[in-house]
>>> print(open('work-v7.pdb').read())   # PDB, C-alpha atoms
ATOM      1  CA  MET Q   1       8.009  32.823  -6.548
ATOM      2  CA  VAL Q   2       6.197  29.666  -7.662
ATOM      3  CA  LEU Q   3       6.109  29.485 -11.448
ATOM      4  CA  GLY Q   4       3.696  26.691 -12.263
ATOM      5  CA  TYR Q   5       4.555  23.708 -14.400
ATOM      6  CA  THR Q   6       3.897  22.619 -17.973
ATOM      7  CA  PHE Q   7       2.202  19.300 -18.659
ATOM      8  CA  VAL Q   8       2.909  17.670 -22.044
ATOM      9  CA  LEU Q   9       0.533  14.871 -22.976
ATOM     10  CA  GLY Q  10       0.232  12.672 -26.053
ATOM     11  CA  GLY Q  11      -0.062   9.175 -27.417
ATOM     12  CA  ALA Q  12       2.775   6.794 -28.199
ATOM     13  CA  ARG Q  13       5.174   8.270 -30.758
ATOM     14  CA  SER Q  14       3.167  11.508 -30.882
ATOM     15  CA  GLY Q  15       6.270  13.679 -30.506
ATOM     16  CA  LYS Q  16       5.541  14.649 -26.895
ATOM     17  CA  SER Q  17       9.036  13.915 -25.559
ATOM     18  CA  SER Q  18      10.702  15.741 -28.444
ATOM     19  CA  PHE Q  19       8.480  18.757 -27.873
ATOM     20  CA  ALA Q  20       9.165  18.670 -24.113
ATOM     21  CA  GLU Q  21      12.911  18.506 -24.756
ATOM     22  CA  GLN Q  22      12.752  21.451 -27.183
ATOM     23  CA  LEU Q  23      10.740  23.407 -24.620
ATOM     24  CA  ALA Q  24      13.220  22.617 -21.840
ATOM     25  CA  LEU Q  25      16.115  23.716 -24.040
ATOM     26  CA  ARG Q  26      14.368  26.982 -24.966
ATOM     27  CA  ILE Q  27      13.463  27.809 -21.355
ATOM     28  CA  SER Q  28      17.021  27.024 -20.239
ATOM     29  CA  GLU Q  29      18.372  29.421 -22.879
ATOM     30  CA  ILE Q  30      15.945  32.212 -21.995
ATOM     31  CA  TYR Q  31      16.567  32.034 -18.238
ATOM     32  CA  ALA Q  32      20.201  30.793 -18.317
ATOM     33  CA  MET Q  33      19.326  27.738 -16.238
ATOM     34  CA  ASN Q  34      20.643  24.198 -16.277
ATOM     35  CA  VAL Q  35      18.371  21.336 -17.294
ATOM     36  CA  THR Q  36      17.941  18.154 -15.315
ATOM     37  CA  TYR Q  37      16.214  15.302 -17.115
ATOM     38  CA  VAL Q  38      14.374  13.132 -14.590
ATOM     39  CA  ALA Q  39      14.158   9.663 -16.101
ATOM     40  CA  THR Q  40      11.561   7.327 -14.614
ATOM     41  CA  ALA Q  41      12.242   4.377 -16.962
ATOM     42  CA  GLN Q  42      13.765   1.159 -15.690
ATOM     43  CA  VAL Q  43      15.695  -1.328 -17.800
ATOM     44  CA  SER Q  44      13.469  -4.383 -18.071
ATOM     45  CA  ASP Q  45      14.865  -6.002 -21.231
ATOM     46  CA  ASP Q  46      17.294  -5.437 -24.106
ATOM     47  CA  GLU Q  47      14.811  -3.383 -26.134
ATOM     48  CA  MET Q  48      14.191  -1.049 -23.189
ATOM     49  CA  GLN Q  49      17.958  -0.695 -22.656
ATOM     50  CA  GLU Q  50      18.352   0.361 -26.305
ATOM     51  CA  ARG Q  51      15.416   2.775 -26.025
ATOM     52  CA  ILE Q  52      16.903   4.412 -22.916
ATOM     53  CA  GLN Q  53      20.296   4.696 -24.622
ATOM     54  CA  ARG Q  54      18.733   6.370 -27.694
ATOM     55  CA  HIS Q  55      16.977   8.889 -25.430
ATOM     56  CA  ARG Q  56      20.218   9.628 -23.559
ATOM     57  CA  SER Q  57      22.284  10.106 -26.695
ATOM     58  CA  GLY Q  58      19.662  12.474 -28.161
ATOM     59  CA  ARG Q  59      19.804  14.900 -25.238
ATOM     60  CA  PRO Q  60      22.265  17.798 -25.027
ATOM     61  CA  SER Q  61      25.481  16.698 -23.323
ATOM     62  CA  GLN Q  62      25.346  19.517 -20.752
ATOM     63  CA  TRP Q  63      22.034  18.265 -19.334
ATOM     64  CA  GLU Q  64      22.134  16.380 -16.063
ATOM     65  CA  THR Q  65      20.219  13.116 -15.783
ATOM     66  CA  ALA Q  66      18.604  11.961 -12.553
ATOM     67  CA  GLU Q  67      17.245   8.423 -12.613
ATOM     68  CA  ILE Q  68      14.281   8.585 -10.235
ATOM     69  CA  PRO Q  69      12.046   5.546 -10.785
ATOM     70  CA  LEU Q  70       9.813   5.967  -7.719
ATOM     71  CA  ASN Q  71       9.964   9.075  -5.537
ATOM     72  CA  VAL Q  72       9.983  12.073  -7.872
ATOM     73  CA  SER Q  73       8.035  14.238  -5.407
ATOM     74  CA  TYR Q  74      10.692  13.850  -2.699
ATOM     75  CA  TRP Q  75      13.464  14.528  -5.228
ATOM     76  CA  LEU Q  76      11.718  17.736  -6.368
ATOM     77  CA  GLN Q  77      11.380  18.921  -2.778
ATOM     78  CA  THR Q  78      15.079  18.397  -2.041
ATOM     79  CA  GLU Q  79      16.550  19.999  -5.185
ATOM     80  CA  ARG Q  80      17.777  23.484  -4.308
ATOM     81  CA  ALA Q  81      19.542  25.023  -7.313
ATOM     82  CA  PRO Q  82      17.011  26.748  -9.632
ATOM     83  CA  GLN Q  83      16.792  24.781 -12.843
ATOM     84  CA  VAL Q  84      14.593  23.481 -15.611
ATOM     85  CA  ILE Q  85      13.389  19.989 -14.707
ATOM     86  CA  LEU Q  86      12.012  17.684 -17.372
ATOM     87  CA  ILE Q  87      10.203  14.651 -15.934
ATOM     88  CA  ASP Q  88       9.729  11.913 -18.520
ATOM     89  CA  CYS Q  89       7.357  10.259 -17.900
ATOM     90  CA  LEU Q  90       4.378   9.792 -15.569
ATOM     91  CA  SER Q  91       3.272   6.654 -17.428
ATOM     92  CA  LEU Q  92       6.428   4.789 -16.459
ATOM     93  CA  LEU Q  93       6.372   6.278 -12.961
ATOM     94  CA  LEU Q  94       2.897   4.822 -12.404
ATOM     95  CA  ASN Q  95       4.084   1.498 -13.827
ATOM     96  CA  ASN Q  96       6.934   1.508 -11.286
ATOM     97  CA  TRP Q  97       4.593   2.312  -8.416
ATOM     98  CA  MET Q  98       2.310  -0.553  -9.402
ATOM     99  CA  PHE Q  99       4.860  -3.210 -10.323
ATOM    100  CA  LEU Q 100       8.059  -2.317  -8.442
ATOM    101  CA  ASP Q 101       6.444  -1.027  -5.243
ATOM    102  CA  GLY Q 102       3.176  -2.998  -5.434
ATOM    103  CA  CYS Q 103       1.049   0.059  -4.595
ATOM    104  CA  ASP Q 104      -2.689  -0.298  -4.214
ATOM    105  CA  GLU Q 105      -5.203   2.373  -5.292
ATOM    106  CA  GLU Q 106      -5.015   4.337  -2.046
ATOM    107  CA  GLN Q 107      -1.204   4.442  -2.181
ATOM    108  CA  VAL Q 108      -1.158   5.394  -5.872
ATOM    109  CA  PHE Q 109      -3.628   8.242  -5.344
ATOM    110  CA  ALA Q 110      -1.654   9.524  -2.329
ATOM    111  CA  ARG Q 111       1.533   9.502  -4.427
ATOM    112  CA  ILE Q 112      -0.236  11.300  -7.278
ATOM    113  CA  ASP Q 113      -1.395  14.016  -4.860
ATOM    114  CA  ALA Q 114       2.113  14.348  -3.389
ATOM    115  CA  LEU Q 115       3.691  14.632  -6.841
ATOM    116  CA  VAL Q 116       1.189  17.216  -8.087
ATOM    117  CA  ALA Q 117       1.713  19.254  -4.899
ATOM    118  CA  ALA Q 118       5.504  19.060  -5.268
ATOM    119  CA  MET Q 119       5.334  20.204  -8.906
ATOM    120  CA  ALA Q 120       2.910  23.014  -8.053
ATOM    121  CA  GLU Q 121       4.952  24.252  -5.085
ATOM    122  CA  THR Q 122       8.483  24.079  -6.482
ATOM    123  CA  GLU Q 123      10.281  27.148  -7.739
ATOM    124  CA  HIS Q 124      11.924  25.146 -10.525
ATOM    125  CA  ARG Q 125      10.618  25.378 -14.064
ATOM    126  CA  VAL Q 126       9.072  21.912 -14.424
ATOM    127  CA  ILE Q 127       7.962  20.202 -17.613
ATOM    128  CA  VAL Q 128       6.280  16.844 -17.088
ATOM    129  CA  VAL Q 129       5.409  14.305 -19.797
ATOM    130  CA  SER Q 130       2.771  11.574 -19.849
ATOM    131  CA  ASN Q 131       1.039   9.209 -22.249
ATOM    132  CA  GLU Q 132      -2.636   9.525 -23.067
ATOM    133  CA  VAL Q 133      -3.894   5.954 -22.894
ATOM    134  CA  GLY Q 134      -7.626   6.498 -22.494
ATOM    135  CA  GLN Q 135      -8.552   6.940 -26.144
ATOM    136  CA  GLY Q 136      -8.133   3.336 -27.220
ATOM    137  CA  ILE Q 137     -10.146   0.221 -26.646
ATOM    138  CA  VAL Q 138     -10.962  -1.019 -23.165
ATOM    139  CA  PRO Q 139      -8.140  -3.384 -22.136
ATOM    140  CA  GLY Q 140      -9.036  -7.044 -21.869
ATOM    141  CA  ASP Q 141      -7.660  -7.705 -18.387
ATOM    142  CA  GLY Q 142      -8.111  -6.168 -14.949
ATOM    143  CA  VAL Q 143      -4.508  -5.091 -14.390
ATOM    144  CA  SER Q 144      -4.390  -3.216 -17.707
ATOM    145  CA  ARG Q 145      -7.770  -1.561 -17.025
ATOM    146  CA  ARG Q 146      -6.584  -0.509 -13.559
ATOM    147  CA  TYR Q 147      -3.375   0.942 -15.033
ATOM    148  CA  ARG Q 148      -5.338   2.831 -17.699
ATOM    149  CA  ASP Q 149      -7.810   4.153 -15.127
ATOM    150  CA  TRP Q 150      -5.140   5.215 -12.636
ATOM    151  CA  LEU Q 151      -3.093   6.924 -15.349
ATOM    152  CA  GLY Q 152      -6.250   8.744 -16.430
ATOM    153  CA  VAL Q 153      -6.690  10.021 -12.868
ATOM    154  CA  MET Q 154      -3.000  10.938 -12.702
ATOM    155  CA  ASN Q 155      -3.216  12.865 -15.970
ATOM    156  CA  GLN Q 156      -6.370  14.701 -14.887
ATOM    157  CA  LYS Q 157      -4.908  15.760 -11.545
ATOM    158  CA  THR Q 158      -1.641  16.785 -13.202
ATOM    159  CA  ALA Q 159      -3.483  18.826 -15.838
ATOM    160  CA  GLN Q 160      -5.785  20.514 -13.318
ATOM    161  CA  CYS Q 161      -2.870  22.117 -11.477
ATOM    162  CA  ALA Q 162      -0.612  22.805 -14.475
ATOM    163  CA  GLU Q 163      -0.103  26.338 -15.717
ATOM    164  CA  LYS Q 164       0.131  25.040 -19.289
ATOM    165  CA  VAL Q 165      -1.226  21.809 -20.755
ATOM    166  CA  ILE Q 166       0.094  20.875 -24.181
ATOM    167  CA  TRP Q 167      -1.354  17.954 -26.114
ATOM    168  CA  VAL Q 168       0.929  16.677 -28.874
ATOM    169  CA  VAL Q 169      -0.756  14.988 -31.829
ATOM    170  CA  ALA Q 170       1.262  13.797 -34.850
ATOM    171  CA  GLY Q 171       4.105  16.071 -33.782
ATOM    172  CA  ILE Q 172       1.888  19.158 -33.494
ATOM    173  CA  PRO Q 173       1.622  20.757 -30.037
ATOM    174  CA  VAL Q 174      -1.821  22.082 -29.115
ATOM    175  CA  ASP Q 175      -2.298  24.432 -26.135
ATOM    176  CA  LEU Q 176      -5.311  22.940 -24.331
ATOM    177  CA  ARG Q 177      -5.673  25.861 -21.908
ATOM    178  CA  LYS Q 178      -6.411  28.133 -24.893
ATOM    179  CA  LEU Q 179      -9.034  25.668 -26.151
ATOM    180  CA  GLN Q 180     -10.539  24.973 -22.740
ATOM    181  CA  VAL Q 181     -14.317  25.332 -22.520
ATOM    182  CA  SER Q 182     -16.052  26.533 -19.368
ATOM    183  CA  LEU Q 183     -19.498  25.499 -18.245
ATOM    184  CA  PRO Q 184     -22.104  28.275 -18.456
TER     185      PRO Q 184
END
>>> encode(input="work-v7.pdb", output="C-alpha cells")
Amino acid sequence: MVLGYTFVLGGARSGKSSFAEQLALRISEIYAMNVTYVATAQVSDDEMQERIQRHRSGRPSQWETAEIPLNVSYWLQTERAPQVILIDCLSLLLNNWMFLDGCDEEQVFARIDALVAAMAETEHRVIVVSNEVGQGIVPGDGVSRRYRDWLGVMNQKTAQCAEKVIWVVAGIPVDLRKLQVSLP
C-alpha cells in the first residue's frame, strides 16, 4: 500500500525542520515505526559543521541517521524495513547536485523526477523538507538565479505529487492542500 508523502516547505528559520521532526516523531509513535533522518548536508566549513552537530544533538537518540548527499531516490528504493523517513532537505540536495556532481539542467530535472517518483512509490512514511527561495529579490548572478529557478521547479514537482503540503511561516504550519484553489 503506497501511503503518499508529506512535503514541508518554508523560508530560512521558519520552523520547517522542527515541525517536520515533530511530525516524524508523532507518526513513529502512532504506527510504532523507527525513524530514519536522511541528511543531505555536507560539511563545507566550521559553521556548517557546528550547524550539523546542533541538528544531530537535537534529534531523538533512537533515530537512525543516513547521510545521503546525492542519491536519495536510489536509497529510498533500496530501503526495505517499513519506517518513517525524514529527508532534510531538498535545498541542500540540489546544491550538491549542482556543485558536487556538476549537473546541468537536464540532469537536475531527471534527478528531480526520479526522486519524486521514488517518494511517491515507496511504502515508507516519508516527510521531505525544502526551503522556499522564490519570494525574495531576483539574485544578482546567473548561478544563483539558476539555483533559485531549479529549486522552484523541484518544489513544484514535489508538491504536485505530495499527499500533504505544509507551509511553515514564523513557526506556524499551514496545510496548503486545504487552502488550495481550483480553476473554474
>>> resolve_selection(input="work-v7.pdb", expression="the PyMOL selection byres ((chain Q and resi 110-127) around 6)", output="NGL selection string")
:Q and (2 or 4-7 or 73 or 82-86 or 107-109 or 128 or 158)
>>> resolve_selection(input="work-v7.pdb", expression="the PyMOL selection byres ((chain Q and resi 171-181) around 9)", output="list of chain:residue names")
Q:Val8, Q:Arg13, Q:Ser14, Q:Gly15, Q:Lys16, Q:Ser18, Q:Phe19, Q:Glu163, Q:Lys164, Q:Val165, Q:Ile166, Q:Trp167, Q:Val168, Q:Val169, Q:Ala170, Q:Ser182, Q:Leu183
>>> residues_around(input="work-v7.pdb", residues="Leu100 of chain Q", least_positions_apart="5", cutoff="12 Å", atoms="all atoms listed in the file", output="PDB file with C-alpha atoms, keeping the file's coordinate frame")
ATOM      1  CA  THR Q  40      11.561   7.327 -14.614  1.00  0.00           C
ATOM      2  CA  ALA Q  41      12.242   4.377 -16.962  1.00  0.00           C
ATOM      3  CA  GLN Q  42      13.765   1.159 -15.690  1.00  0.00           C
ATOM      4  CA  SER Q  44      13.469  -4.383 -18.071  1.00  0.00           C
ATOM      5  CA  PRO Q  69      12.046   5.546 -10.785  1.00  0.00           C
ATOM      6  CA  LEU Q  70       9.813   5.967  -7.719  1.00  0.00           C
ATOM      7  CA  ASN Q  71       9.964   9.075  -5.537  1.00  0.00           C
ATOM      8  CA  LEU Q  92       6.428   4.789 -16.459  1.00  0.00           C
ATOM      9  CA  LEU Q  93       6.372   6.278 -12.961  1.00  0.00           C
ATOM     10  CA  LEU Q  94       2.897   4.822 -12.404  1.00  0.00           C
ATOM     11  CA  ASN Q  95       4.084   1.498 -13.827  1.00  0.00           C
TER      12      ASN Q  95
END
>>> closest_residue(input="work-v7.pdb", among="Q:Cys103, Q:Met98, Q:Ala39, Q:Ile68", to="Ser144 of chain Q", atoms="only C-alpha atoms")
Q:Met98
>>> resolve_selection(input="work-v7.pdb", expression="the PyMOL selection byres ((chain Q and resi 61) around 12)", output="list of chain:residue names")
Q:Leu25, Q:Asn34, Q:Val35, Q:Thr36, Q:Tyr37, Q:His55, Q:Arg56, Q:Ser57, Q:Gly58, Q:Arg59, Q:Pro60, Q:Gln62, Q:Trp63, Q:Glu64, Q:Thr65
>>> atom_distance(input="work-v7.pdb", atom1="atom CA of Asn155 of chain Q", atom2="atom CA of Asp46 of chain Q")
28.7 Å
>>> atom_distance(input="work-v7.pdb", atom1="atom CA of Ile52 of chain Q", atom2="atom CA of Lys157 of chain Q")
27.1 Å
>>> closest_residue(input="work-v7.pdb", among="Q:Met154, Q:Ala20, Q:Ala81, Q:Leu9", to="Met33 of chain Q", atoms="only C-alpha atoms")
Q:Ala81
>>> build_atoms(input="work-v7.pdb", residues="segment 30-41 of chain Q", atoms="all heavy atoms", output="PDB file, in the coordinates of the input")
ATOM      1  N   ILE Q  30      16.542  30.921 -22.361  1.00  0.00           N
ATOM      2  CA  ILE Q  30      15.945  32.212 -21.995  1.00  0.00           C
ATOM      3  C   ILE Q  30      16.359  32.636 -20.594  1.00  0.00           C
ATOM      4  O   ILE Q  30      16.696  33.796 -20.353  1.00  0.00           O
ATOM      5  CB  ILE Q  30      14.401  32.140 -22.102  1.00  0.00           C
ATOM      6  CG1 ILE Q  30      13.976  32.030 -23.565  1.00  0.00           C
ATOM      7  CG2 ILE Q  30      13.746  33.352 -21.436  1.00  0.00           C
ATOM      8  CD1 ILE Q  30      12.504  31.703 -23.762  1.00  0.00           C
ATOM      9  N   TYR Q  31      16.327  31.703 -19.651  1.00  0.00           N
ATOM     10  CA  TYR Q  31      16.567  32.034 -18.238  1.00  0.00           C
ATOM     11  C   TYR Q  31      17.968  31.646 -17.749  1.00  0.00           C
ATOM     12  O   TYR Q  31      18.239  31.777 -16.551  1.00  0.00           O
ATOM     13  CB  TYR Q  31      15.501  31.383 -17.355  1.00  0.00           C
ATOM     14  CG  TYR Q  31      14.129  31.944 -17.655  1.00  0.00           C
ATOM     15  CD1 TYR Q  31      13.238  31.240 -18.460  1.00  0.00           C
ATOM     16  CD2 TYR Q  31      13.742  33.186 -17.169  1.00  0.00           C
ATOM     17  CE1 TYR Q  31      11.986  31.759 -18.762  1.00  0.00           C
ATOM     18  CE2 TYR Q  31      12.493  33.710 -17.470  1.00  0.00           C
ATOM     19  CZ  TYR Q  31      11.624  32.991 -18.266  1.00  0.00           C
ATOM     20  OH  TYR Q  31      10.385  33.512 -18.563  1.00  0.00           O
ATOM     21  N   ALA Q  32      18.833  31.190 -18.667  1.00  0.00           N
ATOM     22  CA  ALA Q  32      20.201  30.793 -18.317  1.00  0.00           C
ATOM     23  C   ALA Q  32      20.214  29.823 -17.139  1.00  0.00           C
ATOM     24  O   ALA Q  32      20.892  30.031 -16.135  1.00  0.00           O
ATOM     25  CB  ALA Q  32      21.063  32.018 -18.033  1.00  0.00           C
ATOM     26  N   MET Q  33      19.424  28.762 -17.278  1.00  0.00           N
ATOM     27  CA  MET Q  33      19.326  27.738 -16.238  1.00  0.00           C
ATOM     28  C   MET Q  33      19.781  26.393 -16.790  1.00  0.00           C
ATOM     29  O   MET Q  33      19.634  26.130 -17.976  1.00  0.00           O
ATOM     30  CB  MET Q  33      17.880  27.614 -15.745  1.00  0.00           C
ATOM     31  CG  MET Q  33      17.300  28.870 -15.145  1.00  0.00           C
ATOM     32  SD  MET Q  33      15.531  28.674 -14.790  1.00  0.00           S
ATOM     33  CE  MET Q  33      15.632  28.221 -13.082  1.00  0.00           C
ATOM     34  N   ASN Q  34      20.300  25.568 -15.907  1.00  0.00           N
ATOM     35  CA  ASN Q  34      20.643  24.198 -16.277  1.00  0.00           C
ATOM     36  C   ASN Q  34      19.374  23.367 -16.405  1.00  0.00           C
ATOM     37  O   ASN Q  34      18.341  23.702 -15.820  1.00  0.00           O
ATOM     38  CB  ASN Q  34      21.545  23.570 -15.216  1.00  0.00           C
ATOM     39  CG  ASN Q  34      22.901  24.238 -15.165  1.00  0.00           C
ATOM     40  OD1 ASN Q  34      23.413  24.704 -16.177  1.00  0.00           O
ATOM     41  ND2 ASN Q  34      23.471  24.297 -13.977  1.00  0.00           N
ATOM     42  N   VAL Q  35      19.484  22.273 -17.141  1.00  0.00           N
ATOM     43  CA  VAL Q  35      18.371  21.336 -17.294  1.00  0.00           C
ATOM     44  C   VAL Q  35      18.744  20.023 -16.625  1.00  0.00           C
ATOM     45  O   VAL Q  35      19.841  19.506 -16.822  1.00  0.00           O
ATOM     46  CB  VAL Q  35      18.047  21.074 -18.776  1.00  0.00           C
ATOM     47  CG1 VAL Q  35      16.941  20.025 -18.913  1.00  0.00           C
ATOM     48  CG2 VAL Q  35      17.653  22.356 -19.484  1.00  0.00           C
ATOM     49  N   THR Q  36      17.816  19.507 -15.840  1.00  0.00           N
ATOM     50  CA  THR Q  36      17.941  18.154 -15.315  1.00  0.00           C
ATOM     51  C   THR Q  36      16.798  17.321 -15.885  1.00  0.00           C
ATOM     52  O   THR Q  36      15.629  17.687 -15.747  1.00  0.00           O
ATOM     53  CB  THR Q  36      17.898  18.112 -13.779  1.00  0.00           C
ATOM     54  OG1 THR Q  36      19.000  18.875 -13.276  1.00  0.00           O
ATOM     55  CG2 THR Q  36      17.994  16.691 -13.261  1.00  0.00           C
ATOM     56  N   TYR Q  37      17.166  16.236 -16.532  1.00  0.00           N
ATOM     57  CA  TYR Q  37      16.214  15.302 -17.115  1.00  0.00           C
ATOM     58  C   TYR Q  37      15.961  14.216 -16.072  1.00  0.00           C
ATOM     59  O   TYR Q  37      16.881  13.476 -15.711  1.00  0.00           O
ATOM     60  CB  TYR Q  37      16.807  14.703 -18.387  1.00  0.00           C
ATOM     61  CG  TYR Q  37      15.886  13.801 -19.155  1.00  0.00           C
ATOM     62  CD1 TYR Q  37      15.203  14.262 -20.274  1.00  0.00           C
ATOM     63  CD2 TYR Q  37      15.703  12.478 -18.782  1.00  0.00           C
ATOM     64  CE1 TYR Q  37      14.364  13.429 -20.993  1.00  0.00           C
ATOM     65  CE2 TYR Q  37      14.871  11.637 -19.487  1.00  0.00           C
ATOM     66  CZ  TYR Q  37      14.205  12.121 -20.599  1.00  0.00           C
ATOM     67  OH  TYR Q  37      13.370  11.290 -21.306  1.00  0.00           O
ATOM     68  N   VAL Q  38      14.738  14.150 -15.573  1.00  0.00           N
ATOM     69  CA  VAL Q  38      14.374  13.132 -14.590  1.00  0.00           C
ATOM     70  C   VAL Q  38      13.782  11.947 -15.347  1.00  0.00           C
ATOM     71  O   VAL Q  38      12.685  12.025 -15.904  1.00  0.00           O
ATOM     72  CB  VAL Q  38      13.372  13.681 -13.550  1.00  0.00           C
ATOM     73  CG1 VAL Q  38      12.906  12.577 -12.610  1.00  0.00           C
ATOM     74  CG2 VAL Q  38      13.985  14.830 -12.773  1.00  0.00           C
ATOM     75  N   ALA Q  39      14.552  10.868 -15.382  1.00  0.00           N
ATOM     76  CA  ALA Q  39      14.158   9.663 -16.101  1.00  0.00           C
ATOM     77  C   ALA Q  39      13.491   8.694 -15.130  1.00  0.00           C
ATOM     78  O   ALA Q  39      14.070   8.350 -14.106  1.00  0.00           O
ATOM     79  CB  ALA Q  39      15.386   9.017 -16.733  1.00  0.00           C
ATOM     80  N   THR Q  40      12.284   8.266 -15.469  1.00  0.00           N
ATOM     81  CA  THR Q  40      11.561   7.327 -14.614  1.00  0.00           C
ATOM     82  C   THR Q  40      11.644   5.889 -15.139  1.00  0.00           C
ATOM     83  O   THR Q  40      11.232   4.967 -14.449  1.00  0.00           O
ATOM     84  CB  THR Q  40      10.080   7.726 -14.479  1.00  0.00           C
ATOM     85  OG1 THR Q  40       9.479   7.715 -15.771  1.00  0.00           O
ATOM     86  CG2 THR Q  40       9.947   9.104 -13.845  1.00  0.00           C
ATOM     87  N   ALA Q  41      12.183   5.706 -16.343  1.00  0.00           N
ATOM     88  CA  ALA Q  41      12.242   4.377 -16.962  1.00  0.00           C
ATOM     89  C   ALA Q  41      13.220   3.466 -16.236  1.00  0.00           C
ATOM     90  O   ALA Q  41      14.232   3.912 -15.713  1.00  0.00           O
ATOM     91  CB  ALA Q  41      12.649   4.496 -18.428  1.00  0.00           C
TER      92      ALA Q  41
END
